[in-house]
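K.L.:
Please find entry.tsv (TSV, C-alpha atoms) on the next line:
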chain	number	residue	atom	x	y	z
A	24	MET	CA	-14.81	23.77	-246.85
A	25	ALA	CA	-16.51	22.87	-243.59
A	26	THR	CA	-20.14	21.94	-243.16
A	27	ARG	CA	-22.26	23.01	-240.24
A	28	ILE	CA	-25.91	23.24	-239.34
A	29	ASP	CA	-27.75	26.56	-239.34
A	30	GLY	CA	-29.59	27.99	-236.32
A	31	GLN	CA	-33.02	26.69	-237.23
A	32	GLY	CA	-31.56	23.23	-237.75
A	33	LEU	CA	-29.83	23.35	-234.36
A	34	ALA	CA	-33.12	24.26	-232.67
A	35	LYS	CA	-34.86	21.35	-234.36
A	36	LEU	CA	-32.05	18.95	-233.40
A	37	GLU	CA	-32.30	20.09	-229.76
A	38	THR	CA	-36.03	19.39	-229.86
A	39	LEU	CA	-35.38	15.94	-231.32
A	40	GLU	CA	-32.77	15.19	-228.63
A	41	ALA	CA	-35.24	16.09	-225.89
A	42	ALA	CA	-37.89	14.00	-227.65
A	43	VAL	CA	-35.63	10.95	-227.68
A	44	THR	CA	-35.17	11.30	-223.91
A	45	HIS	CA	-38.94	11.49	-223.40
A	46	LEU	CA	-39.42	8.52	-225.72
A	47	GLN	CA	-36.99	6.41	-223.69
A	48	ARG	CA	-39.12	7.02	-220.61
A	49	LEU	CA	-42.27	6.06	-222.53
A	50	TYR	CA	-40.54	2.94	-223.84
A	51	SER	CA	-39.56	1.88	-220.31
A	52	VAL	CA	-43.17	2.24	-219.13
A	53	VAL	CA	-44.39	0.10	-222.05
A	54	GLU	CA	-41.77	-2.57	-221.33
A	55	ARG	CA	-42.67	-2.64	-217.63
A	56	MET	CA	-46.29	-3.02	-218.71
A	57	ALA	CA	-45.29	-5.97	-220.90
A	58	GLN	CA	-43.47	-7.60	-217.99
A	59	ALA	CA	-46.48	-7.10	-215.72
A	60	GLN	CA	-48.72	-8.61	-218.38
A	61	ARG	CA	-46.47	-11.68	-218.62
A	62	ILE	CA	-46.73	-12.35	-214.89
A	63	GLN	CA	-50.44	-11.47	-215.00
A	64	GLN	CA	-50.40	-8.39	-212.81
A	65	PRO	CA	-53.01	-5.65	-213.28
A	66	LEU	CA	-52.17	-3.22	-216.07
A	67	ALA	CA	-54.48	-0.35	-215.12
A	68	PRO	CA	-51.75	1.75	-213.40
A	69	PHE	CA	-49.65	1.69	-216.56
A	70	ARG	CA	-52.30	3.45	-218.63
A	71	GLN	CA	-51.96	6.59	-216.54
A	72	GLN	CA	-48.16	6.36	-216.61
A	73	ILE	CA	-48.25	6.11	-220.40
A	74	GLN	CA	-50.42	9.21	-220.60
A	75	ARG	CA	-48.09	11.08	-218.25
A	76	ALA	CA	-45.04	10.09	-220.28
A	77	ALA	CA	-46.56	10.68	-223.71
A	78	ALA	CA	-48.34	14.01	-223.17
A	79	PRO	CA	-45.17	16.11	-222.66
A	80	LEU	CA	-43.56	14.39	-225.64
A	81	ALA	CA	-46.53	15.21	-227.87
A	82	SER	CA	-46.58	18.86	-226.76
A	83	LEU	CA	-42.81	19.15	-227.30
A	84	LEU	CA	-43.09	17.91	-230.88
A	85	LYS	CA	-46.35	19.67	-231.80
A	86	SER	CA	-44.83	22.94	-233.01
A	87	GLN	CA	-42.05	21.57	-235.25
A	88	PHE	CA	-42.92	17.93	-235.97
A	89	GLU	CA	-46.70	17.71	-235.98
A	90	SER	CA	-46.95	14.33	-237.72
A	91	ILE	CA	-44.71	12.71	-235.10
A	92	ALA	CA	-46.74	14.40	-232.35
A	93	ASP	CA	-49.84	12.78	-233.87
A	94	GLN	CA	-48.13	9.39	-233.66
A	95	VAL	CA	-47.42	10.00	-229.97
A	96	THR	CA	-51.06	10.93	-229.44
A	97	ASN	CA	-51.94	7.63	-231.11
A	98	VAL	CA	-49.90	5.86	-228.41
A	99	ILE	CA	-52.21	7.39	-225.80
A	100	VAL	CA	-55.27	6.28	-227.76
A	101	VAL	CA	-53.93	2.73	-228.09
A	102	SER	CA	-53.29	2.57	-224.35
A	103	THR	CA	-56.91	3.42	-223.55
A	104	ARG	CA	-58.62	1.09	-226.04
A	105	GLY	CA	-60.44	-2.00	-224.95
A	106	GLY	CA	-59.59	-5.50	-226.04
A	107	SER	CA	-57.14	-8.08	-224.88
A	108	GLU	CA	-54.16	-7.02	-222.82
A	109	THR	CA	-51.78	-8.95	-225.07
A	110	HIS	CA	-53.00	-7.08	-228.13
A	111	ARG	CA	-52.73	-3.73	-226.32
A	112	VAL	CA	-49.13	-4.37	-225.25
A	113	ARG	CA	-48.16	-5.47	-228.76
A	114	SER	CA	-49.79	-2.38	-230.28
A	115	LEU	CA	-48.05	-0.11	-227.78
A	116	ARG	CA	-44.68	-1.64	-228.60
A	117	GLU	CA	-45.30	-1.18	-232.31
A	118	SER	CA	-46.43	2.41	-231.82
A	119	VAL	CA	-43.35	3.31	-229.77
A	120	ALA	CA	-41.11	1.69	-232.39
A	121	GLN	CA	-42.87	3.71	-235.09
A	122	VAL	CA	-42.30	6.96	-233.17
A	123	ARG	CA	-38.62	6.07	-232.67
A	124	ALA	CA	-38.20	5.41	-236.41
A	125	SER	CA	-39.92	8.71	-237.23
A	126	LEU	CA	-37.62	10.62	-234.86
A	127	ASP	CA	-34.57	9.02	-236.47
A	128	ALA	CA	-35.85	9.89	-239.94
A	129	ALA	CA	-36.61	13.46	-238.86
A	130	GLU	CA	-33.10	13.88	-237.48
A	131	THR	CA	-31.59	12.68	-240.76
A	132	ARG	CA	-33.89	14.98	-242.72
A	133	VAL	CA	-33.03	18.00	-240.52
A	134	ARG	CA	-29.29	17.37	-240.87
A	135	LYS	CA	-29.67	17.13	-244.64
A	136	GLN	CA	-31.90	20.19	-245.08
A	137	HIS	CA	-30.08	22.54	-242.69
A	138	THR	CA	-26.45	21.81	-243.56
A	139	VAL	CA	-24.60	24.93	-244.65
A	140	GLU	CA	-21.33	24.93	-246.54
A	141	GLY	CA	-18.85	27.46	-245.24
A	142	GLU	CA	-15.18	28.25	-245.20
A	143	ALA	CA	-13.07	26.56	-242.58
A	144	GLU	CA	-12.29	28.80	-239.63
A	145	ALA	CA	-8.69	29.01	-238.53
Mind converting the file's structure to structure tokens?
P.N.:
Amino acid sequence: MATRIDGQGLAKLETLEAAVTHLQRLYSVVERMAQAQRIQQPLAPFRQQIQRAAAPLASLLKSQFESIADQVTNVIVVSTRGGSETHRVRSLRESVAQVRASLDAAETRVRKQHTVEGEAEA
């Protein structure tokens, strides 16, 4: 007996793979923002970069993983809030980590729900 993933599961896994790639870009922007904050450079340009990196990710996830898309939208909201720069960077890091954990959990859930038992092909 071999196990494989059905078509709907494969489509969801492809979406999650693309989302992880987008999330890596978002993560790199947040980390560059943290470095700029440490050396006390202006952080205003990073807000727009975060929005540009997060918007496609949110739209990619909206149809199949709406709750994760809402978390990505929250990243955009956190980036535009007022308050101290240190608090904003910390909140952005936490939000990105939360999205990453949700994507990992969604991948595990998809693999579990869409696994099909079948006969081994020769």
K.L.:
Please compute the atom CA of A:Ile62-atom CA of A:Ser107 distance, one decimal, in Å.
P.N.:
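It comes out at 15.0 Å.
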K.L.:
Mind giving me the straight-line distance from atom CA of A:Gln71 to atom CA of A:Ser102 in Å, one decimal?
P.N.:
8.9 Å
K.L.:
Would you give me, as a tab-separated table, each residue of stretch 65-115 of chain A having an atom within 8 Å of an atom of stretch 34-43 of chain A, along with its shortest atom pair and that distance in Å to one decimal, using all atoms listed in the file and sorting by chain and residue number?
P.N.:
residue	atom	partner	partner_atom	distance
A:Leu80	CA	A:Ala42	CA	6.0
A:Leu83	CA	A:Ala42	CA	7.1
A:Leu84	CA	A:Ala42	CA	7.3
A:Gln87	CA	A:Lys35	CA	7.2
K.L.:
Excluding same-chain residues fewer than 4 positions from A:Ala76, what lies within 10 Å of it counting all atoms listed in the file, as a ChimeraX atom specification?
P.N.:
/A:45-52,70-72,80-81,95,99
K.L.:
Would you mind exporting the chosen residues as an mmCIF file, in the coordinates of the input, restricted to C-alpha atoms?
P.N.:
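Result saved to part.cif:
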data_model
loop_
_atom_site.group_PDB
_atom_site.id
_atom_site.type_symbol
_atom_site.label_atom_id
_atom_site.label_comp_id
_atom_site.auth_asym_id
_atom_site.auth_seq_id
_atom_site.Cartn_x
_atom_site.Cartn_y
_atom_site.Cartn_z
ATOM 1 C CA HIS A 45 -38.940 11.490 -223.400
ATOM 2 C CA LEU A 46 -39.420 8.520 -225.720
ATOM 3 C CA GLN A 47 -36.990 6.410 -223.690
ATOM 4 C CA ARG A 48 -39.120 7.020 -220.610
ATOM 5 C CA LEU A 49 -42.270 6.060 -222.530
ATOM 6 C CA TYR A 50 -40.540 2.940 -223.840
ATOM 7 C CA SER A 51 -39.560 1.880 -220.310
ATOM 8 C CA VAL A 52 -43.170 2.240 -219.130
ATOM 9 C CA ARG A 70 -52.300 3.450 -218.630
ATOM 10 C CA GLN A 71 -51.960 6.590 -216.540
ATOM 11 C CA GLN A 72 -48.160 6.360 -216.610
ATOM 12 C CA LEU A 80 -43.560 14.390 -225.640
ATOM 13 C CA ALA A 81 -46.530 15.210 -227.870
ATOM 14 C CA VAL A 95 -47.420 10.000 -229.970
ATOM 15 C CA ILE A 99 -52.210 7.390 -225.800
#
K.L.:
Which residue gives the smallest distance to A:Val53 among A:Ala67, A:Ala77, A:Val112, A:Ala92, with all atoms listed in the file counted?
P.N.:
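Of all the options, A:Val112 lies closest to A:Val53.
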K.L.:
Please report the interatomic distance between atom CA of A:Lys85 and atom CA of A:Ser125 in Å with one decimal.
P.N.:
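Computed distance, atom CA of A:Lys85 to atom CA of A:Ser125, equals 13.8 Å.
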K.L.:
Would you mind listing what lies within 7 Å of A:Asp29 as a ChimeraX atom specification, with all atoms listed in the file counted and same-chain residues fewer than 2 positions away left out?
P.N.:
/A:27,31-33,137-139
K.L.:
Point out the residue among A:Leu66, A:Ala59, A:Val133, A:Val98 with the least atom-to-atom distance to A:Gln121, counting only C-alpha atoms.
P.N.:
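Under the stated criterion, the closest residue is A:Val98.
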K.L.:
Produce the centre coordinates and the three edge lengths, each in Å to one decimal, of the box along x, y and z that contains all listed atoms of stretch 124-130 of chain A with 8 Å added on each side, as AutoDock Vina command-line options.
P.N.:
--center_x -36.5 --center_y 9.6 --center_z -237.4 --size_x 22.8 --size_y 24.5 --size_z 21.1
